[in-house]
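A.B. asks: Questions regarding the structure given below will be posed in turn.
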Protein chains: 2
Amino acid sequence: MAEKTTITTVAQHARVSRQTVSNVLNAPHLVRVETRVRVLASIEELGYRANQAARQMRTGRSRLIAVRIEPARDGINGSVLDRFLHGLTETASAAGYRIVLYTAADDEGEVATYGDLLGSYDLDAFVLTSTHHGDIRTAWLAGRGVPFVTFGRPWGSTETPAGRSGPGASPRHHPWVDVDGAAGTAAATRHLLAAGHHRIAFIGWPEGSGVGDDRRAGWRAAIRAAGLDPVGLHLGTSDGVAEGERAARDLLALPDPPTAFVCASDSLGLGARQASKPGGGQPAVTGFDDTAVAQATGMTSVSQPLAEAAGRCVQLLTRVLDSDRAIDSDRAFDSDRVPDAAEQILLTPRLVVRSSG
Amino acid sequence: MAEKTTITTVAQHARVSRQTVSNVLNAPHLVRVETRVRVLASIEELGYRANQAARQMRTGRSRLIAVRIEPARDGINGSVLDRFLHGLTETASAAGYRIVLYTAADDEGEVATYGDLLGSYDLDAFVLTSTHHGDIRTAWLAGRGVPFVTFGRPWGSTETPAGRSGPGASPRHHPWVDVDGAAGTAAATRHLLAAGHHRIAFIGWPEGSGVGDDRRAGWRAAIRAAGLDPVGLHLGTSDGVAEGERAARDLLALPDPPTAFVCASDSLGLGARQASKPGGGQPAVTGFDDTAVAQATGMTSVSQPLAEAAGRCVQLLTRVLDSDRAIDSDRAFDSDRVPDAAEQILLTPRLVVRSSG
DNA sequence: TCCATCGATTTGAACGATCAAAACGGTTGG
DNA sequence: CCAACCGTTTTGATCGTTCAAATCGATGGA
């Protein structure tokens, strides 16, 4: 029993030809209504599902989107990717696509696997995360006309400190989705100001990382907007709880020490909380990412709308994959094409207020 | 330029037939060495990669493995899946397979998507996580002869309290990989005993969850082995930081209160740490899963070997997919077949000692 | 009346790989 | 001397779908 039902099975059952069944699914307007309902009934009754492999062979489209899964760095910020992935999977499947995972040790390794993924699996598109200065991946993909979106702005050479022009200097424009980190730290800063703090320091990462610089800028702008002076009140260090504590201690040792800290990550924030103020008592602290650590320890943190970000990524991709490609396969993702504003989406994060500040 | 290189391109370049190229890749022993090296050279030179869609259409095998990504429950334990996924992706790709994600709201929804995944994408196998009592998913898959492995033992009706026989009573045997939770909590308990504690309580989940009962059993066995009495020293509650704190408080209110807690999760453990002892001071606490929260807060916790578990899962699957299937496609995963001992792997977790206990 | 046009449907070919069977040259054995 | 057999290689068919072009019946204008 149970011969697999193909398009021919359905065709015979509905007494039409293969192609008519195909048209019902892919170009319904070509089929007479009467015929269409009959075919659809047969499809339903037989439980027919189009074979992806066969379809792919003919159309060259796999309906698969590739995403890299990273090796969960320090674990604290790792779960961000987890939630993003879940959102991607959900919205992609709603749009008729599936998510395929791959890993790579570094950017070079990642580019190397692109060849394999495209060559053997004919992937339709890529979603890149953790974009950074001089990212070679976007250039590679854009160069071969492979559709992709990045979750994270292309931190290009315009953002780098003057005088330096990194490798792969000026990345082309491409569709991206990102969360407005500056808006997040600004909101956190305003929250602390409203709570009565006047000396609010920022603990982040060394200059040069796009994400870190962006978050520092939000803090600085909010401080200035309140008529205060941010000079000397920020420190850059590598990410980690111990590093956060050390930075907080150093800042608390200043002549006129801060009473609150805006931090670029929950790891740093957790460390800062553990540094006690000169007069005693805990400083007020805000973190970033609203990770499990912040939730568990009651730390105020900036929450990224990850599900929405994922949805937007899929939206941008399907827009290219479903419409443009069908009309003009060659120029649709041509690297010369300038994407319109709607293809670059900046989402606003939300401050989750807890007991820490 | 850049006509895509197919098997025919390679054949012409190496001056042999299509089939010979195919044989070089799939059955090298049939090809004369001299010819083989020539063909391999052409493959290398042209950068040929076999088209998966075409191969799949003929062989019926997709080289894709499906894994469900869950909606990151409370966030604290969520990153466990994250690390497991990373391990899966890595080992699967080494074995020539790719990981495809899917989501589902519940078991029924999951079973419903199986049809879609199998029907349109011809997935080769599934990896199931979060197995539980009366799991309908394993029965469904086994019933249609779809290869799968579970990360988690089949907590069958033999494990349930006497008198109850849940729905889907006796799940069949199938390959699985799991971590020995009892061994983990036993190690944690012994660690606390060695530190001088005599009253060690356990905070876990209500009876009936396989995983929770297992972890409680490990604690109880270790207590008994030390000649102590576990009676009355354990509490079951739902997972969460607040719940953990409440449970710890209740236990500390006993006439002869515990001085240490073994907990079934890091969430519970973190809560327990926040409950102070009658005489003052923090109780000693161990958690479970070694999540980011434990790392960040310096909590002793039981660490699961997730990368190894993932590797074993892939190993079990490929064993079925690569060998058995080729020989006898029908009976290879027949539900009547009894898996040998090597198909059920129990890994031992590792206690990560930190300042909390 | 006849041909052009149109909507709806059908037919043949192709995508790129593997399977099954045939073909080939060379050796062996009766 | 021919048949059977071997190892190696080639040929034809096929998987299930979509594309491109052909077919068909009905309608309308010259």
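To be explicit about the labels: the chains of the structure tokens are called A, B, and onward in the order shown, and within each one the residues are counted from 1, while ligands get numbers from 1 in the order they are shown.
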Give the residues of chain A that lie within 7 Å of chain B; count only C-alpha atoms, and format the answer as a ChimeraX atom specification.
C.D. replies: /A:49-54,56-57,69-72,75-76,79,82-83,86,89-90,98-103,119-121,241,292-293,296
A.B. asks: Produce a file of the selected residues containing C-alpha atoms, as a short mmCIF file (atom, residue, chain, number, x, y, z; two decimals), in the first residue's frame.
C.D. replies:
```cif
data_model
loop_
_atom_site.label_atom_id
_atom_site.label_comp_id
_atom_site.auth_asym_id
_atom_site.auth_seq_id
_atom_site.Cartn_x
_atom_site.Cartn_y
_atom_site.Cartn_z
CA ARG A 49 2.61 17.41 -1.28
CA ALA A 50 4.86 18.70 -4.01
CA ASN A 51 8.26 17.08 -3.93
CA GLN A 52 10.79 19.78 -3.16
CA ALA A 53 13.71 18.03 -4.78
CA ALA A 54 11.99 17.72 -8.12
CA GLN A 56 14.16 22.49 -7.05
CA MET A 57 15.80 20.69 -9.90
CA ILE A 69 24.97 28.97 14.56
CA GLU A 70 27.79 30.26 16.68
CA PRO A 71 29.70 28.45 19.36
CA ALA A 72 27.94 30.19 22.29
CA GLY A 75 27.18 31.73 27.43
CA ILE A 76 25.63 34.83 28.89
CA SER A 79 20.96 32.90 24.26
CA ASP A 82 18.81 31.23 20.37
CA ARG A 83 15.75 33.41 20.49
CA HIS A 86 13.47 30.56 16.94
CA THR A 89 12.36 29.44 11.99
CA GLU A 90 8.81 30.44 12.74
CA ARG A 98 13.09 26.30 6.03
CA ILE A 99 16.17 27.21 8.05
CA VAL A 100 19.37 25.23 7.58
CA LEU A 101 22.22 25.58 10.04
CA TYR A 102 25.92 25.68 9.47
CA THR A 103 28.97 26.43 11.56
CA GLY A 119 27.02 24.19 -4.80
CA SER A 120 25.35 21.11 -3.40
CA TYR A 121 22.24 22.40 -1.70
CA VAL A 241 31.76 39.75 34.70
CA ALA A 292 18.50 35.10 31.51
CA VAL A 293 21.11 36.47 33.89
CA ALA A 296 17.29 35.94 37.28
#
```
A.B. asks: Just want the 9 Å neighbourhood of B:Leu235, counted on only C-alpha atoms (C1' of nucleotides), with same-chain residues fewer than 4 positions away dropped. Output as a list in words.
C.D. replies: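 Answer for this query is Ala201, Phe202, Ile203, Gly204, Trp205, Pro206, Ala247, Ala248, Asp250 and Leu251 of chain B.
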A.B. asks: Restricting the output to N, CA and C atoms, write the selected residues as a tab-separated table (two decimals), in the first residue's frame.
C.D. replies:
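Below is the file that was written, selection20.tsv:
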```tsv
chain	number	residue	atom	x	y	z
B	201	ALA	N	19.36	19.05	51.67
B	201	ALA	CA	18.02	18.90	51.10
B	201	ALA	C	18.06	18.92	49.58
B	202	PHE	N	16.97	18.48	48.99
B	202	PHE	CA	16.85	18.49	47.52
B	202	PHE	C	15.64	19.30	47.12
B	203	ILE	N	15.83	20.22	46.19
B	203	ILE	CA	14.71	20.98	45.65
B	203	ILE	C	14.56	20.63	44.18
B	204	GLY	N	13.40	20.07	43.84
B	204	GLY	CA	13.21	19.64	42.46
B	204	GLY	C	11.81	19.92	41.99
B	205	TRP	N	11.33	19.05	41.09
B	205	TRP	CA	10.00	19.25	40.51
B	205	TRP	C	9.04	18.21	41.06
B	206	PRO	N	7.76	18.43	40.90
B	206	PRO	CA	6.77	17.46	41.39
B	206	PRO	C	7.00	16.08	40.78
B	247	ALA	N	10.77	27.41	48.28
B	247	ALA	CA	11.00	26.03	48.72
B	247	ALA	C	12.13	25.98	49.75
B	248	ALA	N	13.20	26.74	49.49
B	248	ALA	CA	14.33	26.75	50.41
B	248	ALA	C	13.91	27.29	51.78
B	250	ASP	N	10.94	27.22	53.09
B	250	ASP	CA	10.12	26.22	53.77
B	250	ASP	C	10.99	25.15	54.43
B	251	LEU	N	12.00	24.72	53.73
B	251	LEU	CA	12.86	23.67	54.28
B	251	LEU	C	13.70	24.18	55.44
```
A.B. asks: So which residues of stretch 136-301 of chain B fall under strand (DSSP E or B) by DSSP, listed as a PyMOL selection string?
C.D. replies: chain B and resi 148-151+176-179+200-204+234-236+260-263+284-288+300-301
A.B. asks: Would you kindly report the residues of chain C within 9 Å of chain A, using only C-alpha atoms (C1' of nucleotides), as an NGL selection string?
C.D. replies: :C and (7-10 or 14-16)
A.B. asks: What does the structure give for the distance between atom CA of A:Phe288 and atom CA of A:Leu193, in Å to one decimal?
C.D. replies: 17.4 Å
A.B. asks: If DSSP is run on the backbone, what residues of stretch 58-270 of chain A are alpha helix (DSSP H)? A reply as a compact mmCIF listing (two decimals) with N, CA and C atoms, in the first residue's frame would be ideal.
C.D. replies:
```
# COMPACT_ATOMS: atom_id res chain seq x y z
N ARG A 58 14.08 21.67 -11.23
CA ARG A 58 13.59 22.42 -12.39
C ARG A 58 13.75 23.93 -12.21
N THR A 59 13.40 24.42 -11.04
CA THR A 59 13.39 25.87 -10.85
C THR A 59 14.70 26.44 -10.33
N SER A 79 22.36 33.24 24.48
CA SER A 79 20.96 32.90 24.26
C SER A 79 20.24 33.90 23.36
N VAL A 80 20.89 35.02 23.09
CA VAL A 80 20.29 35.98 22.17
C VAL A 80 20.08 35.32 20.82
N LEU A 81 21.12 34.66 20.35
CA LEU A 81 21.03 33.98 19.07
C LEU A 81 19.93 32.93 19.09
N ASP A 82 19.81 32.26 20.20
CA ASP A 82 18.81 31.23 20.37
C ASP A 82 17.41 31.75 20.07
N ARG A 83 17.09 32.86 20.69
CA ARG A 83 15.75 33.41 20.49
C ARG A 83 15.57 33.93 19.07
N PHE A 84 16.62 34.51 18.54
CA PHE A 84 16.57 35.00 17.17
C PHE A 84 16.30 33.84 16.20
N LEU A 85 16.99 32.74 16.43
CA LEU A 85 16.82 31.56 15.59
C LEU A 85 15.39 31.05 15.63
N HIS A 86 14.84 31.04 16.81
CA HIS A 86 13.47 30.56 16.94
C HIS A 86 12.52 31.43 16.13
N GLY A 87 12.71 32.73 16.23
CA GLY A 87 11.88 33.64 15.46
C GLY A 87 12.05 33.43 13.97
N LEU A 88 13.27 33.25 13.55
CA LEU A 88 13.54 33.01 12.14
C LEU A 88 12.81 31.77 11.65
N THR A 89 12.95 30.70 12.41
CA THR A 89 12.36 29.44 11.99
C THR A 89 10.85 29.59 11.83
N GLU A 90 10.26 30.30 12.77
CA GLU A 90 8.81 30.44 12.74
C GLU A 90 8.33 31.26 11.54
N THR A 91 8.92 32.42 11.36
CA THR A 91 8.45 33.26 10.26
C THR A 91 8.84 32.66 8.90
N ALA A 92 9.99 32.04 8.85
CA ALA A 92 10.40 31.44 7.59
C ALA A 92 9.43 30.34 7.19
N SER A 93 9.04 29.53 8.14
CA SER A 93 8.16 28.43 7.79
C SER A 93 6.79 28.96 7.37
N ALA A 94 6.38 30.07 7.95
CA ALA A 94 5.12 30.68 7.54
C ALA A 94 5.20 31.15 6.09
N ASP A 107 35.49 33.94 9.77
CA ASP A 107 34.92 34.44 8.52
C ASP A 107 35.46 33.69 7.30
N GLU A 108 36.77 33.41 7.31
CA GLU A 108 37.34 32.69 6.17
C GLU A 108 36.67 31.33 6.03
N GLY A 109 36.56 30.64 7.17
CA GLY A 109 35.92 29.33 7.14
C GLY A 109 34.48 29.43 6.68
N GLU A 110 33.83 30.51 7.06
CA GLU A 110 32.44 30.67 6.68
C GLU A 110 32.30 30.83 5.18
N VAL A 111 33.16 31.67 4.62
CA VAL A 111 33.11 31.87 3.18
C VAL A 111 33.37 30.55 2.46
N ALA A 112 34.26 29.75 3.02
CA ALA A 112 34.57 28.47 2.39
C ALA A 112 33.35 27.56 2.35
N THR A 113 32.56 27.59 3.41
CA THR A 113 31.39 26.72 3.41
C THR A 113 30.28 27.25 2.50
N TYR A 114 30.31 28.54 2.21
CA TYR A 114 29.30 29.06 1.28
C TYR A 114 29.32 28.27 -0.01
N GLY A 115 30.53 28.04 -0.51
CA GLY A 115 30.66 27.30 -1.76
C GLY A 115 29.96 25.96 -1.69
N ASP A 116 30.19 25.26 -0.61
CA ASP A 116 29.58 23.95 -0.45
C ASP A 116 28.07 24.06 -0.38
N LEU A 117 27.60 24.98 0.45
CA LEU A 117 26.16 25.12 0.64
C LEU A 117 25.46 25.51 -0.66
N LEU A 118 26.06 26.42 -1.39
CA LEU A 118 25.45 26.86 -2.63
C LEU A 118 25.58 25.78 -3.70
N GLY A 119 26.75 25.18 -3.76
CA GLY A 119 27.02 24.19 -4.80
C GLY A 119 26.16 22.95 -4.68
N SER A 120 26.10 22.37 -3.49
CA SER A 120 25.35 21.11 -3.40
C SER A 120 23.91 21.30 -3.00
N TYR A 121 23.62 22.30 -2.18
CA TYR A 121 22.24 22.40 -1.70
C TYR A 121 21.45 23.52 -2.37
N ILE A 136 34.24 40.34 5.43
CA ILE A 136 34.49 39.85 4.08
C ILE A 136 33.31 39.06 3.53
N ARG A 137 32.41 38.66 4.43
CA ARG A 137 31.34 37.76 4.00
C ARG A 137 30.34 38.46 3.09
N THR A 138 29.97 39.68 3.47
CA THR A 138 28.99 40.39 2.65
C THR A 138 29.52 40.64 1.25
N ALA A 139 30.79 40.99 1.17
CA ALA A 139 31.38 41.25 -0.14
C ALA A 139 31.33 40.00 -1.00
N TRP A 140 31.67 38.87 -0.39
CA TRP A 140 31.68 37.60 -1.14
C TRP A 140 30.29 37.30 -1.69
N LEU A 141 29.31 37.37 -0.83
CA LEU A 141 27.94 37.03 -1.24
C LEU A 141 27.42 38.02 -2.28
N ALA A 142 27.64 39.31 -2.02
CA ALA A 142 27.17 40.32 -2.96
C ALA A 142 27.84 40.13 -4.32
N GLY A 143 29.11 39.76 -4.27
CA GLY A 143 29.88 39.56 -5.50
C GLY A 143 29.29 38.49 -6.40
N GLY A 181 20.90 50.36 19.19
CA GLY A 181 21.57 50.26 20.48
C GLY A 181 21.66 51.60 21.19
N ALA A 182 21.91 52.64 20.42
CA ALA A 182 22.02 53.98 21.01
C ALA A 182 20.71 54.37 21.67
N ALA A 183 19.61 54.07 21.01
CA ALA A 183 18.31 54.38 21.61
C ALA A 183 18.13 53.62 22.92
N GLY A 184 18.64 52.40 22.95
CA GLY A 184 18.52 51.58 24.16
C GLY A 184 19.29 52.15 25.32
N THR A 185 20.56 52.48 25.10
CA THR A 185 21.37 53.02 26.19
C THR A 185 20.88 54.42 26.58
N ALA A 186 20.35 55.16 25.59
CA ALA A 186 19.81 56.47 25.91
C ALA A 186 18.60 56.32 26.83
N ALA A 187 17.75 55.37 26.54
CA ALA A 187 16.59 55.14 27.40
C ALA A 187 17.02 54.74 28.80
N ALA A 188 18.03 53.88 28.87
CA ALA A 188 18.53 53.44 30.17
C ALA A 188 19.08 54.63 30.94
N THR A 189 19.81 55.49 30.24
CA THR A 189 20.40 56.66 30.88
C THR A 189 19.31 57.61 31.39
N ARG A 190 18.31 57.84 30.55
CA ARG A 190 17.21 58.73 30.97
C ARG A 190 16.49 58.15 32.18
N HIS A 191 16.37 56.83 32.19
CA HIS A 191 15.71 56.18 33.34
C HIS A 191 16.49 56.46 34.63
N LEU A 192 17.80 56.38 34.54
CA LEU A 192 18.63 56.63 35.73
C LEU A 192 18.60 58.10 36.12
N LEU A 193 18.57 58.97 35.11
CA LEU A 193 18.47 60.40 35.39
C LEU A 193 17.17 60.70 36.13
N ALA A 194 16.10 60.09 35.64
CA ALA A 194 14.79 60.31 36.26
C ALA A 194 14.77 59.81 37.69
N GLY A 210 31.67 48.42 16.17
CA GLY A 210 30.50 49.22 15.78
C GLY A 210 29.42 49.19 16.82
N VAL A 211 29.09 48.00 17.30
CA VAL A 211 28.01 47.87 18.27
C VAL A 211 28.33 48.63 19.54
N GLY A 212 29.56 48.47 20.02
CA GLY A 212 29.96 49.11 21.27
C GLY A 212 29.96 50.62 21.16
N ASP A 213 30.46 51.13 20.05
CA ASP A 213 30.51 52.58 19.86
C ASP A 213 29.11 53.16 19.80
N ASP A 214 28.23 52.41 19.17
CA ASP A 214 26.85 52.85 19.04
C ASP A 214 26.20 52.97 20.42
N ARG A 215 26.42 51.99 21.26
CA ARG A 215 25.80 52.01 22.59
C ARG A 215 26.37 53.14 23.44
N ARG A 216 27.67 53.37 23.31
CA ARG A 216 28.27 54.48 24.06
C ARG A 216 27.69 55.82 23.60
N ALA A 217 27.48 55.94 22.29
CA ALA A 217 26.96 57.19 21.75
C ALA A 217 25.58 57.53 22.33
N GLY A 218 24.76 56.51 22.53
CA GLY A 218 23.43 56.74 23.10
C GLY A 218 23.51 57.29 24.51
N TRP A 219 24.39 56.70 25.31
CA TRP A 219 24.59 57.18 26.68
C TRP A 219 25.06 58.63 26.67
N ARG A 220 26.08 58.89 25.82
CA ARG A 220 26.66 60.23 25.79
C ARG A 220 25.63 61.28 25.40
N ALA A 221 24.83 60.95 24.38
CA ALA A 221 23.83 61.90 23.91
C ALA A 221 22.82 62.21 25.01
N ALA A 222 22.41 61.19 25.73
CA ALA A 222 21.41 61.41 26.79
C ALA A 222 21.98 62.25 27.93
N ILE A 223 23.25 62.01 28.24
CA ILE A 223 23.91 62.79 29.29
C ILE A 223 23.98 64.25 28.88
N ARG A 224 24.41 64.47 27.64
CA ARG A 224 24.53 65.85 27.14
C ARG A 224 23.18 66.53 27.10
N ALA A 225 22.17 65.77 26.67
CA ALA A 225 20.83 66.34 26.57
C ALA A 225 20.33 66.81 27.93
N VAL A 241 32.20 39.30 33.38
CA VAL A 241 31.76 39.75 34.70
C VAL A 241 32.91 40.39 35.47
N ALA A 242 34.05 39.71 35.52
CA ALA A 242 35.20 40.23 36.26
C ALA A 242 35.66 41.57 35.70
N GLU A 243 35.67 41.67 34.37
CA GLU A 243 36.09 42.91 33.73
C GLU A 243 35.15 44.06 34.10
N GLY A 244 33.86 43.74 34.16
CA GLY A 244 32.87 44.75 34.52
C GLY A 244 33.10 45.25 35.93
N GLU A 245 33.40 44.34 36.83
CA GLU A 245 33.62 44.73 38.21
C GLU A 245 34.85 45.63 38.34
N ARG A 246 35.91 45.23 37.64
CA ARG A 246 37.13 46.02 37.69
C ARG A 246 36.91 47.43 37.17
N ALA A 247 36.22 47.52 36.03
CA ALA A 247 35.96 48.84 35.43
C ALA A 247 35.13 49.70 36.39
N ALA A 248 34.13 49.08 37.00
CA ALA A 248 33.28 49.84 37.92
C ALA A 248 34.10 50.36 39.10
N ARG A 249 34.96 49.52 39.63
CA ARG A 249 35.82 49.93 40.75
C ARG A 249 36.69 51.11 40.36
N ASP A 250 37.28 51.02 39.17
CA ASP A 250 38.14 52.11 38.72
C ASP A 250 37.38 53.42 38.64
N LEU A 251 36.15 53.35 38.13
CA LEU A 251 35.36 54.56 37.99
C LEU A 251 34.91 55.08 39.35
N LEU A 252 34.64 54.16 40.27
CA LEU A 252 34.20 54.58 41.61
C LEU A 252 35.33 55.23 42.40
N ASP A 266 24.96 42.52 29.74
CA ASP A 266 24.56 42.04 31.06
C ASP A 266 25.75 41.50 31.84
N SER A 267 26.73 40.96 31.14
CA SER A 267 27.93 40.47 31.84
C SER A 267 28.60 41.62 32.55
N LEU A 268 28.84 42.69 31.83
CA LEU A 268 29.48 43.86 32.43
C LEU A 268 28.62 44.41 33.56
N GLY A 269 27.31 44.44 33.32
CA GLY A 269 26.40 44.98 34.33
C GLY A 269 26.43 44.17 35.61
N LEU A 270 26.44 42.85 35.47
CA LEU A 270 26.48 42.01 36.65
C LEU A 270 27.76 42.27 37.46
```
A.B. asks: List the neighbours of C:DA20 out to 10 Å using only C-alpha atoms (C1' of nucleotides); skip same-chain residues closer than 2 positions along the sequence, and give me the result as JSON, numbers by chain.
C.D. replies: {"C": [18, 22], "D": [12, 13]}
A.B. asks: Taking only C-alpha atoms (C1' of nucleotides) into account and nothing else, which residues of chain D lie no more than 8 Å away from chain A? Please answer as number ranges by chain.
C.D. replies: D: 16-18
A.B. asks: Excluding C:DC3 and any residue of its chain fewer than 4 positions from it, enumerate the residues within 12 Å of it, using only C-alpha atoms (C1' of nucleotides), and give them as number ranges by chain.
C.D. replies: D: 28-30
A.B. asks: Selected residues, C-alpha atoms (C1' of nucleotides), written as an mmCIF file, in the first residue's frame, please.
C.D. replies:
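Okay, this is what ended up in again31.cif:
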```cif
data_model
loop_
_atom_site.group_PDB
_atom_site.id
_atom_site.type_symbol
_atom_site.label_atom_id
_atom_site.label_comp_id
_atom_site.auth_asym_id
_atom_site.auth_seq_id
_atom_site.Cartn_x
_atom_site.Cartn_y
_atom_site.Cartn_z
ATOM 1 C "C1'" DG D 28 -15.650 37.243 -33.683
ATOM 2 C "C1'" DG D 29 -14.509 40.145 -37.554
ATOM 3 C "C1'" DA D 30 -13.527 40.689 -42.476
#
```
A.B. asks: Would you mind telling me which residue in B:Val33, B:Leu321, B:Ala105, B:Val67 lies nearest to D:DT8 when using only C-alpha atoms (C1' of nucleotides)?
C.D. replies: B:Val33
A.B. asks: Any idea what the distance is between atom CA of B:Arg36 and atom C1' of C:DG26?
C.D. replies: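 If I compute the distance from atom CA of B:Arg36 to atom C1' of C:DG26, I get 20.8 Å.
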A.B. asks: Quick one: distance from atom CA of B:Glu45 to atom CA of A:Phe148 in Å, one decimal?
C.D. replies: 28.2 Å
